[in-house]
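A.B. asks: Please find final-v8.cif (mmCIF, C-alpha atoms) on the next line:
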data_input
loop_
_atom_site.label_atom_id
_atom_site.label_comp_id
_atom_site.auth_asym_id
_atom_site.auth_seq_id
_atom_site.Cartn_x
_atom_site.Cartn_y
_atom_site.Cartn_z
CA MET A 1 -1.72 -4.69 -14.02
CA ILE A 2 0.38 -7.37 -12.33
CA ASP A 3 3.19 -6.71 -14.84
CA ARG A 4 3.20 -3.04 -13.94
CA LEU A 5 3.51 -3.93 -10.28
CA SER A 6 6.35 -6.40 -10.78
CA GLY A 7 8.95 -4.14 -9.12
CA PRO A 8 7.55 -4.08 -5.60
CA LEU A 9 6.27 -7.65 -6.05
CA SER A 10 9.73 -9.09 -6.58
CA LEU A 11 11.08 -10.80 -3.47
CA ARG A 12 14.63 -10.22 -4.67
CA ASN A 13 14.09 -6.43 -4.80
CA ARG A 14 12.66 -6.35 -1.30
CA ILE A 15 15.36 -8.49 0.26
CA GLY A 16 17.97 -6.51 -1.72
CA ALA A 17 16.83 -3.34 0.02
CA VAL A 18 17.11 -5.04 3.42
CA VAL A 19 20.61 -6.26 2.57
CA ALA A 20 21.63 -2.72 1.52
CA LEU A 21 20.31 -1.34 4.80
CA LEU A 22 22.06 -3.97 6.95
CA ALA A 23 25.33 -4.02 5.07
CA GLY A 24 25.49 -0.23 5.14
CA LEU A 25 24.69 0.00 8.84
CA VAL A 26 26.98 -2.81 9.98
CA GLY A 27 29.74 -1.60 7.62
CA ALA A 28 29.50 1.97 8.91
CA VAL A 29 29.70 0.88 12.57
CA GLY A 30 32.51 -1.62 11.90
CA VAL A 31 34.65 0.73 9.82
CA GLY A 32 33.90 3.57 12.25
CA LEU A 33 35.14 1.40 15.15
CA LEU A 34 38.37 0.56 13.34
CA TRP A 35 38.82 4.21 12.52
CA ALA A 36 38.19 5.39 16.09
CA THR A 37 40.44 2.77 17.73
CA GLU A 38 43.41 3.11 15.39
CA PRO A 39 46.07 4.90 17.47
CA ALA A 40 48.05 6.92 14.90
CA LEU A 41 46.89 7.49 11.35
CA PRO A 42 48.21 9.72 8.56
CA GLY A 43 45.87 12.40 7.20
CA ARG A 44 45.04 10.56 3.98
CA THR A 45 43.98 7.43 5.82
CA HIS A 46 41.57 9.53 7.87
CA LEU A 47 40.10 10.75 4.61
CA GLY A 48 39.86 7.17 3.31
CA PHE A 49 38.04 5.98 6.45
CA GLY A 50 35.72 8.98 6.26
CA VAL A 51 34.79 8.21 2.66
CA LEU A 52 34.19 4.53 3.48
CA VAL A 53 31.91 5.38 6.42
CA ALA A 54 30.03 7.91 4.26
CA LEU A 55 29.55 5.28 1.52
CA CYS A 56 28.23 2.75 4.03
CA LEU A 57 25.85 5.32 5.53
CA ALA A 58 24.61 6.21 2.04
CA TRP A 59 23.77 2.54 1.37
CA ALA A 60 22.09 2.28 4.76
CA ALA A 61 20.02 5.38 4.04
CA TYR A 62 19.04 4.09 0.61
CA GLY A 63 18.04 0.72 2.08
CA ALA A 64 16.06 2.36 4.89
CA TRP A 65 14.25 4.64 2.46
CA THR A 66 13.38 1.74 0.16
CA VAL A 67 12.18 -0.49 2.99
CA THR A 68 10.06 2.18 4.66
CA ARG A 69 8.73 4.15 1.69
CA ARG A 70 9.04 2.24 -1.54
CA THR A 71 8.44 -1.40 -1.00
CA PRO A 72 6.24 -3.46 1.29
CA LEU A 73 7.71 -6.14 3.54
CA PHE A 74 5.30 -9.05 3.90
CA ALA A 75 5.36 -11.53 6.76
CA LEU A 76 7.82 -13.91 5.12
CA ASP A 77 10.09 -11.02 4.06
CA ARG A 78 10.13 -9.74 7.62
CA VAL A 79 11.23 -13.12 8.95
CA ILE A 80 14.01 -13.30 6.32
CA ALA A 81 14.98 -9.71 7.09
CA GLY A 82 15.00 -10.54 10.81
CA TRP A 83 17.37 -13.48 10.31
CA LEU A 84 19.63 -11.36 8.11
CA ALA A 85 19.67 -8.64 10.76
CA VAL A 86 20.47 -11.12 13.55
CA THR A 87 23.32 -12.62 11.51
CA ALA A 88 24.75 -9.24 10.51
CA THR A 89 24.58 -7.71 13.98
CA GLY A 90 25.93 -10.96 15.49
CA LEU A 91 28.98 -10.73 13.23
CA LEU A 92 29.31 -7.05 14.10
CA THR A 93 29.21 -7.79 17.83
CA ALA A 94 31.89 -10.48 17.43
CA ALA A 95 34.07 -8.05 15.47
CA ALA A 96 33.51 -5.30 18.04
CA ILE A 97 34.49 -7.64 20.89
CA ALA A 98 37.64 -8.63 18.99
CA ILE A 99 38.53 -4.97 18.42
CA ALA A 100 37.86 -4.13 22.08
CA VAL A 101 40.08 -7.01 23.27
CA VAL A 102 42.95 -6.16 20.89
CA ARG A 103 42.87 -2.38 21.34
CA GLY A 104 41.62 -2.25 24.92
CA THR A 105 40.36 1.33 24.77
CA TRP A 106 37.07 2.79 26.03
CA VAL A 107 36.05 3.46 22.42
CA GLY A 108 36.27 -0.28 21.78
CA LEU A 109 33.98 -0.96 24.75
CA ALA A 110 31.53 1.67 23.53
CA GLY A 111 31.59 -0.11 20.14
CA VAL A 112 30.68 -3.41 21.82
CA ALA A 113 27.79 -1.68 23.59
CA VAL A 114 26.49 -0.21 20.31
CA ALA A 115 26.82 -3.55 18.49
CA ALA A 116 25.10 -5.39 21.33
CA ALA A 117 22.25 -2.86 21.29
CA LEU A 118 21.83 -3.34 17.51
CA ALA A 119 21.88 -7.12 17.98
CA THR A 120 19.17 -6.87 20.64
CA VAL A 121 17.00 -4.78 18.32
CA ALA A 122 17.57 -7.37 15.57
CA VAL A 123 16.48 -10.22 17.87
CA VAL A 124 13.35 -8.31 18.91
CA ILE A 125 12.52 -7.66 15.23
CA LEU A 126 12.99 -11.35 14.41
CA VAL A 127 10.85 -12.55 17.31
CA ARG A 128 8.05 -10.14 16.42
CA ALA A 129 8.22 -11.06 12.74
CA ARG A 130 7.99 -14.78 13.58
CA GLY A 131 5.08 -14.15 15.90
CA ARG A 132 3.20 -12.15 13.28
CA ARG A 133 3.82 -14.82 10.65
CA ALA A 134 2.64 -17.59 12.97
CA GLU A 135 -0.50 -15.61 13.70
CA LEU A 136 -1.22 -15.13 9.98
CA LEU A 137 -0.54 -18.82 9.25
CA ARG A 138 -2.99 -19.77 12.01
CA ARG A 139 -5.61 -17.43 10.60
CA ARG A 140 -5.08 -18.89 7.14
CA ARG A 141 -5.63 -22.42 8.45
CA GLU A 142 -8.82 -21.28 10.22
CA LEU A 143 -10.14 -19.71 7.02
CA GLU A 144 -9.20 -22.70 4.87
CA ASP A 145 -10.84 -25.27 7.19
CA PRO A 146 -13.62 -23.48 9.03
CA GLY A 147 -14.77 -26.78 10.58
CA ASP A 148 -11.37 -27.73 11.97
CA PRO A 149 -10.98 -26.37 15.51
CA SER A 150 -7.22 -27.15 15.72
CA MET B 1 -12.05 -18.20 -1.70
CA THR B 2 -12.95 -15.30 0.55
CA ASP B 3 -11.27 -11.91 0.37
CA GLU B 4 -10.06 -12.35 3.92
CA LEU B 5 -8.19 -15.54 3.06
CA LEU B 6 -6.71 -13.90 -0.02
CA VAL B 7 -5.57 -10.90 2.00
CA VAL B 8 -4.05 -13.10 4.71
CA ARG B 9 -2.16 -15.05 2.04
CA CYS B 10 -0.96 -11.75 0.55
CA GLN B 11 0.21 -10.58 3.96
CA LEU B 12 2.13 -13.81 4.33
CA GLY B 13 3.96 -12.90 1.12
CA GLU B 14 2.35 -15.19 -1.47
CA ARG B 15 2.66 -13.56 -4.82
CA GLU B 16 -0.02 -15.74 -6.46
CA ALA B 17 -2.50 -14.54 -3.86
CA PHE B 18 -1.82 -10.96 -4.84
CA THR B 19 -2.35 -11.81 -8.49
CA GLU B 20 -5.70 -13.34 -7.58
CA LEU B 21 -6.63 -10.35 -5.47
CA VAL B 22 -5.88 -7.98 -8.34
CA ARG B 23 -7.83 -10.18 -10.72
CA ALA B 24 -10.85 -10.18 -8.41
CA TRP B 25 -10.85 -6.46 -7.64
CA HIS B 26 -9.39 -4.83 -10.71
CA ASP B 27 -12.72 -4.33 -12.46
CA PRO B 28 -14.62 -2.81 -9.52
CA ILE B 29 -11.76 -0.38 -8.87
CA TRP B 30 -11.37 0.48 -12.53
CA THR B 31 -15.12 1.04 -12.85
CA TYR B 32 -15.16 3.29 -9.79
CA VAL B 33 -12.23 5.34 -11.05
CA ARG B 34 -13.72 5.63 -14.51
CA ARG B 35 -17.09 6.79 -13.18
CA MET B 36 -15.35 9.38 -11.05
CA LEU B 37 -12.71 10.65 -13.47
CA GLY B 38 -13.59 9.43 -16.94
CA PRO B 39 -11.96 6.81 -19.14
CA ALA B 40 -8.81 8.74 -20.00
CA GLU B 41 -7.35 8.49 -16.51
CA ALA B 42 -8.84 5.21 -15.35
CA ASP B 43 -5.74 3.11 -16.14
CA ASP B 44 -3.24 5.47 -14.55
CA VAL B 45 -5.20 6.06 -11.40
CA SER B 46 -6.06 2.35 -10.95
CA GLN B 47 -2.36 1.61 -11.15
CA GLU B 48 -1.70 4.20 -8.44
CA VAL B 49 -4.40 2.55 -6.36
CA TRP B 50 -2.85 -0.90 -6.71
CA LEU B 51 0.61 0.38 -5.85
CA ALA B 52 -0.78 1.99 -2.70
CA VAL B 53 -2.65 -1.24 -1.88
CA LEU B 54 0.53 -3.27 -2.27
CA ARG B 55 2.44 -0.94 0.02
CA GLY B 56 -0.32 -0.75 2.58
CA LEU B 57 -1.31 -4.45 2.66
CA PRO B 58 1.22 -5.56 5.32
CA ARG B 59 -0.25 -2.97 7.69
CA LEU B 60 -3.92 -3.80 7.09
CA LYS B 61 -5.19 -4.77 10.55
CA GLU B 62 -8.53 -6.31 9.62
CA PRO B 63 -8.20 -8.47 6.51
CA GLY B 64 -11.95 -9.12 6.67
CA ARG B 65 -12.62 -5.44 5.97
CA PHE B 66 -10.66 -5.38 2.73
CA ALA B 67 -13.30 -3.87 0.43
CA PRO B 68 -13.90 -0.63 2.39
CA TRP B 69 -10.15 -0.24 2.89
CA LEU B 70 -9.54 -0.73 -0.82
CA PHE B 71 -12.16 1.86 -1.76
CA THR B 72 -10.78 4.30 0.81
CA ILE B 73 -7.45 4.11 -1.02
CA ALA B 74 -9.15 4.43 -4.40
CA ARG B 75 -11.11 7.40 -3.15
CA ARG B 76 -7.93 9.11 -1.96
CA ALA B 77 -6.27 8.53 -5.35
CA VAL B 78 -9.33 9.96 -7.11
CA ALA B 79 -9.40 12.96 -4.77
CA ASN B 80 -5.71 13.65 -5.42
CA ARG B 81 -6.30 13.52 -9.14
CA LEU B 82 -9.34 15.80 -8.92
CA ARG B 83 -7.34 18.25 -6.83
CA GLU B 84 -4.57 18.29 -9.45
CA GLU B 85 -7.12 18.87 -12.18
CA TYR B 86 -8.90 21.68 -10.40
CA GLY B 87 -5.54 23.26 -9.73
CA ARG B 88 -4.97 23.70 -13.44
CA PRO B 89 -6.42 26.93 -14.85
CA GLU B 90 -8.26 25.27 -17.74
CA ALA B 91 -9.76 22.58 -15.52
CA ALA B 92 -13.48 22.08 -15.34
CA ALA B 93 -15.30 23.31 -12.27
CA GLU B 94 -16.72 20.76 -9.85
CA GLY B 95 -19.85 19.16 -11.19
CA GLU B 96 -19.17 19.59 -14.86
CA PRO B 97 -19.59 16.48 -16.96
CA VAL B 98 -16.74 14.02 -17.23
CA SER B 99 -16.14 13.18 -20.88
CA GLN B 100 -17.58 9.87 -21.94
CA ASP B 101 -15.95 7.01 -23.72
CA ALA B 102 -18.22 6.40 -26.71
CA THR B 103 -18.05 2.61 -26.92
CA THR B 104 -18.53 1.92 -23.22
CA ALA B 105 -21.30 4.47 -22.99
CA LEU B 106 -23.10 2.50 -25.69
CA VAL B 107 -22.79 -0.90 -24.11
CA ASP B 108 -23.32 0.37 -20.57
CA ARG B 109 -26.40 1.69 -18.92
CA ALA B 110 -25.83 4.68 -21.13
CA GLU B 111 -28.33 7.17 -19.83
CA LEU B 112 -27.59 6.41 -16.18
CA VAL B 113 -23.88 6.86 -16.69
CA ALA B 114 -24.41 10.08 -18.61
CA GLY B 115 -26.63 11.27 -15.80
CA LEU B 116 -24.01 10.29 -13.24
CA SER B 117 -21.30 12.29 -14.91
CA GLY B 118 -23.52 15.37 -14.68
CA LEU B 119 -23.71 15.16 -10.88
CA PRO B 120 -21.33 16.88 -8.44
CA VAL B 121 -18.45 14.72 -7.22
CA ARG B 122 -19.88 13.83 -3.79
CA GLU B 123 -23.25 12.74 -5.10
CA ARG B 124 -21.69 10.89 -8.01
CA GLU B 125 -19.32 9.09 -5.67
CA ILE B 126 -22.03 7.91 -3.30
CA LEU B 127 -24.18 6.58 -6.17
CA VAL B 128 -21.20 4.74 -7.67
CA LEU B 129 -20.21 3.18 -4.35
CA PHE B 130 -23.71 2.23 -3.25
CA TYR B 131 -25.37 1.19 -6.51
CA LEU B 132 -22.59 0.25 -8.91
CA GLU B 133 -20.16 -1.27 -6.40
CA ASP B 134 -22.92 -2.74 -4.20
CA LEU B 135 -21.31 -1.60 -0.96
CA SER B 136 -23.36 -1.30 2.23
CA VAL B 137 -24.27 2.08 3.73
CA GLU B 138 -21.84 1.34 6.60
CA ASP B 139 -18.99 0.63 4.17
CA CYS B 140 -19.79 3.79 2.19
CA ALA B 141 -19.68 5.77 5.43
CA GLU B 142 -16.29 4.31 6.30
CA ILE B 143 -14.89 4.95 2.82
CA CYS B 144 -16.13 8.54 2.68
CA ALA B 145 -15.22 9.15 6.34
CA VAL B 146 -18.68 10.52 7.16
CA PRO B 147 -21.46 9.27 9.50
CA VAL B 148 -24.03 6.76 8.23
CA GLY B 149 -26.74 9.41 8.41
CA THR B 150 -24.78 11.66 6.08
CA VAL B 151 -24.43 8.81 3.60
CA LYS B 152 -28.19 8.28 3.65
CA SER B 153 -28.99 11.95 3.16
CA ARG B 154 -26.35 12.26 0.46
CA LEU B 155 -27.81 9.20 -1.29
CA SER B 156 -31.30 10.62 -1.23
CA ARG B 157 -30.07 13.99 -2.51
CA ALA B 158 -28.06 12.22 -5.21
CA ARG B 159 -31.06 10.19 -6.31
CA ARG B 160 -33.14 13.33 -6.50
CA MET B 161 -30.48 15.17 -8.46
CA LEU B 162 -30.07 12.24 -10.83
CA ARG B 163 -33.83 12.06 -11.34
CA ASP B 164 -34.04 15.80 -12.04
CA HIS B 165 -31.07 15.58 -14.31
CA LEU B 166 -32.54 12.72 -16.34
CA THR B 167 -35.97 14.34 -16.43
CA GLU B 168 -34.38 17.49 -17.77
CA LYS B 169 -32.79 15.48 -20.53
CA GLY B 170 -36.18 14.07 -21.46
CA TYR B 171 -36.19 10.66 -19.76
CA ARG B 172 -39.52 9.98 -18.10
CA ARG B 173 -40.89 7.09 -16.14
#
Represent the supplied structure as structure tokens.
C.D. replies:
Amino acid sequence: MIDRLSGPLSLRNRIGAVVALLAGLVGAVGVGLLWATEPALPGRTHLGFGVLVALCLAWAAYGAWTVTRRTPLFALDRVIAGWLAVTATGLLTAAAIAIAVVRGTWVGLAGVAVAAALATVAVVILVRARGRRAELLRRRRELEDPGDPS
Amino acid sequence: MTDELLVVRCQLGEREAFTELVRAWHDPIWTYVRRMLGPAEADDVSQEVWLAVLRGLPRLKEPGRFAPWLFTIARRAVANRLREEYGRPEAAAEGEPVSQDATTALVDRAELVAGLSGLPVREREILVLFYLEDLSVEDCAEICAVPVGTVKSRLSRARRMLRDHLTEKGYRR
């Protein structure tokens, strides 16, 4: 039975789905920002940007579907996913700030706001995941040494 | 090691703990599914059950109440399968005997199992959960999503039906 369940049991599969979600999301926002702040673009480049954003969104959607419907995220996976999310959204925020400074348009500022909001969500997810894991570790210790009050 | 500890370790993400959990609970689940659906579908449906367990484990709030939760999932999988079967035109009507696997019927409590398969689904289920899986009346109530009183009355009706059924077939005390 364990062999048949190896797909969802593989840590690499689960973290892979998280990476797809994050890379897609951060990529879509980043490329979208570049696209929106570029002053004058020929028609074909618009098409190219559009395709890139669509590809990123498709990966994000695939990752989100896998994470929410197909595969469980256990406590450790959530902490790893949280750190990945914080790193990815941190990089995105830095990039958005750079774009806003260079281009100096209101779209750039809106991009910083979006990136900062995503980064905040990532931090909240990480803090909650760490809290949940700590709680489970404490419960495990209690169950392993029922006599130990610490 | 208690189930609660195993479940907590699973929720933490320890793969070995999940292997142990499956090892400990595979037989009870398989037995339940086989009693409810027959041997032909026991493997498939138990696999569905374990997949659902794996997906649901991170959200299980009370690790100490693993057994009733597990059987609730198994019951849902069995109900889905029964619904699919009854949807097919050639399917047996509720309460008709589930076909028996010859070898297991021999080594098992043969007459009891044969009697069980002659009972309607609800009565069969309650006998399997209470007598074969050794679950408490409270756990049975939680799994079947009915009050404790209903479990008790269903149990007594099921016992009566089983007794009548066996008597009909010529078994006497």
A.B. asks: Could you spell out the hits of the PyMOL selection byres ((chain A) within 10 of (chain B)) on the shown file, as JSON, numbers by chain?
C.D. replies: {"A": [1, 2, 3, 4, 5, 8, 9, 10, 11, 68, 69, 70, 71, 72, 73, 74, 75, 76, 77, 78, 132, 133, 134, 135, 136, 137, 138, 139, 140, 141, 142, 143, 144]}
A.B. asks: Generate the output file for the selected residues, C-alpha atoms, as a JSON list (two decimals), keeping the file's coordinate frame.
C.D. replies:
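For reference, again-v2.json as written:
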[["chain", "number", "residue", "atom", "x", "y", "z"],
["A", 1, "MET", "CA", -1.72, -4.69, -14.02],
["A", 2, "ILE", "CA", 0.38, -7.37, -12.33],
["A", 3, "ASP", "CA", 3.19, -6.71, -14.84],
["A", 4, "ARG", "CA", 3.20, -3.04, -13.94],
["A", 5, "LEU", "CA", 3.51, -3.93, -10.28],
["A", 8, "PRO", "CA", 7.55, -4.08, -5.60],
["A", 9, "LEU", "CA", 6.27, -7.65, -6.05],
["A", 10, "SER", "CA", 9.73, -9.09, -6.58],
["A", 11, "LEU", "CA", 11.08, -10.80, -3.47],
["A", 68, "THR", "CA", 10.06, 2.18, 4.66],
["A", 69, "ARG", "CA", 8.73, 4.15, 1.69],
["A", 70, "ARG", "CA", 9.04, 2.24, -1.54],
["A", 71, "THR", "CA", 8.44, -1.40, -1.00],
["A", 72, "PRO", "CA", 6.24, -3.46, 1.29],
["A", 73, "LEU", "CA", 7.71, -6.14, 3.54],
["A", 74, "PHE", "CA", 5.30, -9.05, 3.90],
["A", 75, "ALA", "CA", 5.36, -11.53, 6.76],
["A", 76, "LEU", "CA", 7.82, -13.91, 5.12],
["A", 77, "ASP", "CA", 10.09, -11.02, 4.06],
["A", 78, "ARG", "CA", 10.13, -9.74, 7.62],
["A", 132, "ARG", "CA", 3.20, -12.15, 13.28],
["A", 133, "ARG", "CA", 3.82, -14.82, 10.65],
["A", 134, "ALA", "CA", 2.64, -17.59, 12.97],
["A", 135, "GLU", "CA", -0.50, -15.61, 13.70],
["A", 136, "LEU", "CA", -1.22, -15.13, 9.98],
["A", 137, "LEU", "CA", -0.54, -18.82, 9.25],
["A", 138, "ARG", "CA", -2.99, -19.77, 12.01],
["A", 139, "ARG", "CA", -5.61, -17.43, 10.60],
["A", 140, "ARG", "CA", -5.08, -18.89, 7.14],
["A", 141, "ARG", "CA", -5.63, -22.42, 8.45],
["A", 142, "GLU", "CA", -8.82, -21.28, 10.22],
["A", 143, "LEU", "CA", -10.14, -19.71, 7.02],
["A", 144, "GLU", "CA", -9.20, -22.70, 4.87]]
A.B. asks: Residues within 12 Å of region 40-56 of chain A, please, as an MDAnalysis selection string. Count all atoms listed in the file; anything in the same chain fewer than 2 positions from it doesn't count.
C.D. replies: chainID A and resid 19:38 58:63
A.B. asks: Distance CA of Leu21 (chain B)-CA of Val79 (chain A), one decimal place?
C.D. replies: 23.1 Å
A.B. asks: Nearest residue to Pro28 (chain B) out of B:Arg157, B:Leu127, B:Leu70, B:Pro63, using all atoms listed in the file?
C.D. replies: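 Under the stated criterion, the closest residue is B:Leu70.
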A.B. asks: At most 9 Å from (-27.7, 5.8, -2.6), file frame, all atoms listed in the file: which residues, as an mmCIF file with C-alpha atoms, in the frame of the given file?
C.D. replies:
data_model
loop_
_atom_site.group_PDB
_atom_site.id
_atom_site.type_symbol
_atom_site.label_atom_id
_atom_site.label_comp_id
_atom_site.auth_asym_id
_atom_site.auth_seq_id
_atom_site.Cartn_x
_atom_site.Cartn_y
_atom_site.Cartn_z
ATOM 1 C CA GLU B 123 -23.250 12.740 -5.100
ATOM 2 C CA ILE B 126 -22.030 7.910 -3.300
ATOM 3 C CA LEU B 127 -24.180 6.580 -6.170
ATOM 4 C CA VAL B 128 -21.200 4.740 -7.670
ATOM 5 C CA LEU B 129 -20.210 3.180 -4.350
ATOM 6 C CA PHE B 130 -23.710 2.230 -3.250
ATOM 7 C CA TYR B 131 -25.370 1.190 -6.510
ATOM 8 C CA VAL B 137 -24.270 2.080 3.730
ATOM 9 C CA VAL B 151 -24.430 8.810 3.600
ATOM 10 C CA LYS B 152 -28.190 8.280 3.650
ATOM 11 C CA SER B 153 -28.990 11.950 3.160
ATOM 12 C CA ARG B 154 -26.350 12.260 0.460
ATOM 13 C CA LEU B 155 -27.810 9.200 -1.290
ATOM 14 C CA SER B 156 -31.300 10.620 -1.230
ATOM 15 C CA ARG B 157 -30.070 13.990 -2.510
ATOM 16 C CA ALA B 158 -28.060 12.220 -5.210
ATOM 17 C CA ARG B 159 -31.060 10.190 -6.310
#
A.B. asks: Distance CA of Val49 (chain B)-CA of Val148 (chain B), one decimal place?
C.D. replies: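 Separation between CA of Val49 (chain B) and CA of Val148 (chain B): 24.8 Å.
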A.B. asks: Please evaluate the PyMOL selection byres ((chain A and resi 122) around 8) against the structure above and give the resulting residues as number ranges by chain.
C.D. replies: A: 82, 85-86, 89, 118-121, 123-126
A.B. asks: One decimal, Å: what's the distance from CA of Ala115 (chain A) over to CA of Thr66 (chain A), could you say?
C.D. replies: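 Between CA of Ala115 (chain A) and CA of Thr66 (chain A) the gap is 23.3 Å.
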A.B. asks: Which is closest to Trp69 (chain B) among B:Ile29, B:Leu82, B:Ala24, B:Ala42, if we use only C-alpha atoms?
C.D. replies: B:Ile29
A.B. asks: Taking the file above as input, evaluate the PyMOL selection byres ((chain B and resi 71) around 9) and report the hits as number ranges by chain.
C.D. replies: B: 29, 32, 66-70, 72-76, 129, 140, 143-144
A.B. asks: Can you find the residues with an atom no farther than 12 Å from (34.9, -9.7, 17.2), counting all atoms listed in the file, and report them as a ChimeraX atom specification?
C.D. replies: /A:30,33-34,89-103,108-109,111-112,115-116
A.B. asks: Starting from the incomplete input, reconstruct N, CA and C atoms of region 32-55 of chain A and report them as a short mmCIF file (atom, residue, chain, number, x, y, z; two decimals), keeping the file's coordinate frame.
C.D. replies:
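Below is the file that was written, rebuild02.cif:
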data_model
loop_
_atom_site.label_atom_id
_atom_site.label_comp_id
_atom_site.auth_asym_id
_atom_site.auth_seq_id
_atom_site.Cartn_x
_atom_site.Cartn_y
_atom_site.Cartn_z
N GLY A 32 33.79 2.46 11.30
CA GLY A 32 33.90 3.57 12.25
C GLY A 32 34.69 3.16 13.50
N LEU A 33 34.43 1.91 13.97
CA LEU A 33 35.14 1.40 15.15
C LEU A 33 36.63 1.29 14.87
N LEU A 34 36.96 0.70 13.71
CA LEU A 34 38.37 0.56 13.34
C LEU A 34 39.04 1.93 13.29
N TRP A 35 38.32 2.85 12.69
CA TRP A 35 38.82 4.21 12.52
C TRP A 35 39.10 4.85 13.89
N ALA A 36 38.09 4.71 14.79
CA ALA A 36 38.19 5.39 16.09
C ALA A 36 39.25 4.76 16.99
N THR A 37 39.51 3.43 16.80
CA THR A 37 40.44 2.77 17.73
C THR A 37 41.86 2.73 17.19
N GLU A 38 42.04 3.11 15.95
CA GLU A 38 43.41 3.11 15.39
C GLU A 38 44.21 4.22 16.06
N PRO A 39 45.38 3.88 16.67
CA PRO A 39 46.07 4.90 17.47
C PRO A 39 46.64 6.07 16.65
N ALA A 40 47.42 5.80 15.62
CA ALA A 40 48.05 6.92 14.90
C ALA A 40 47.86 6.71 13.42
N LEU A 41 47.17 7.64 12.78
CA LEU A 41 46.89 7.49 11.35
C LEU A 41 47.34 8.74 10.60
N PRO A 42 47.91 8.55 9.39
CA PRO A 42 48.21 9.72 8.56
C PRO A 42 46.93 10.36 8.03
N GLY A 43 47.03 11.63 7.62
CA GLY A 43 45.87 12.40 7.20
C GLY A 43 45.06 11.74 6.09
N ARG A 44 45.76 11.16 5.11
CA ARG A 44 45.04 10.56 3.98
C ARG A 44 44.22 9.36 4.40
N THR A 45 44.74 8.60 5.36
CA THR A 45 43.98 7.43 5.82
C THR A 45 42.70 7.88 6.52
N HIS A 46 42.79 8.98 7.25
CA HIS A 46 41.57 9.53 7.87
C HIS A 46 40.53 9.81 6.79
N LEU A 47 41.01 10.43 5.72
CA LEU A 47 40.10 10.75 4.61
C LEU A 47 39.47 9.48 4.05
N GLY A 48 40.34 8.45 3.85
CA GLY A 48 39.86 7.17 3.31
C GLY A 48 38.79 6.58 4.20
N PHE A 49 39.04 6.53 5.52
CA PHE A 49 38.04 5.98 6.45
C PHE A 49 36.75 6.79 6.37
N GLY A 50 36.90 8.11 6.32
CA GLY A 50 35.72 8.98 6.26
C GLY A 50 34.87 8.66 5.04
N VAL A 51 35.53 8.50 3.89
CA VAL A 51 34.79 8.21 2.66
C VAL A 51 34.09 6.86 2.77
N LEU A 52 34.80 5.86 3.33
CA LEU A 52 34.19 4.53 3.48
C LEU A 52 32.95 4.59 4.36
N VAL A 53 33.06 5.29 5.50
CA VAL A 53 31.91 5.38 6.42
C VAL A 53 30.76 6.10 5.71
N ALA A 54 31.09 7.18 4.96
CA ALA A 54 30.03 7.91 4.26
C ALA A 54 29.34 7.01 3.24
N LEU A 55 30.13 6.20 2.52
CA LEU A 55 29.55 5.28 1.52
C LEU A 55 28.60 4.29 2.20
#
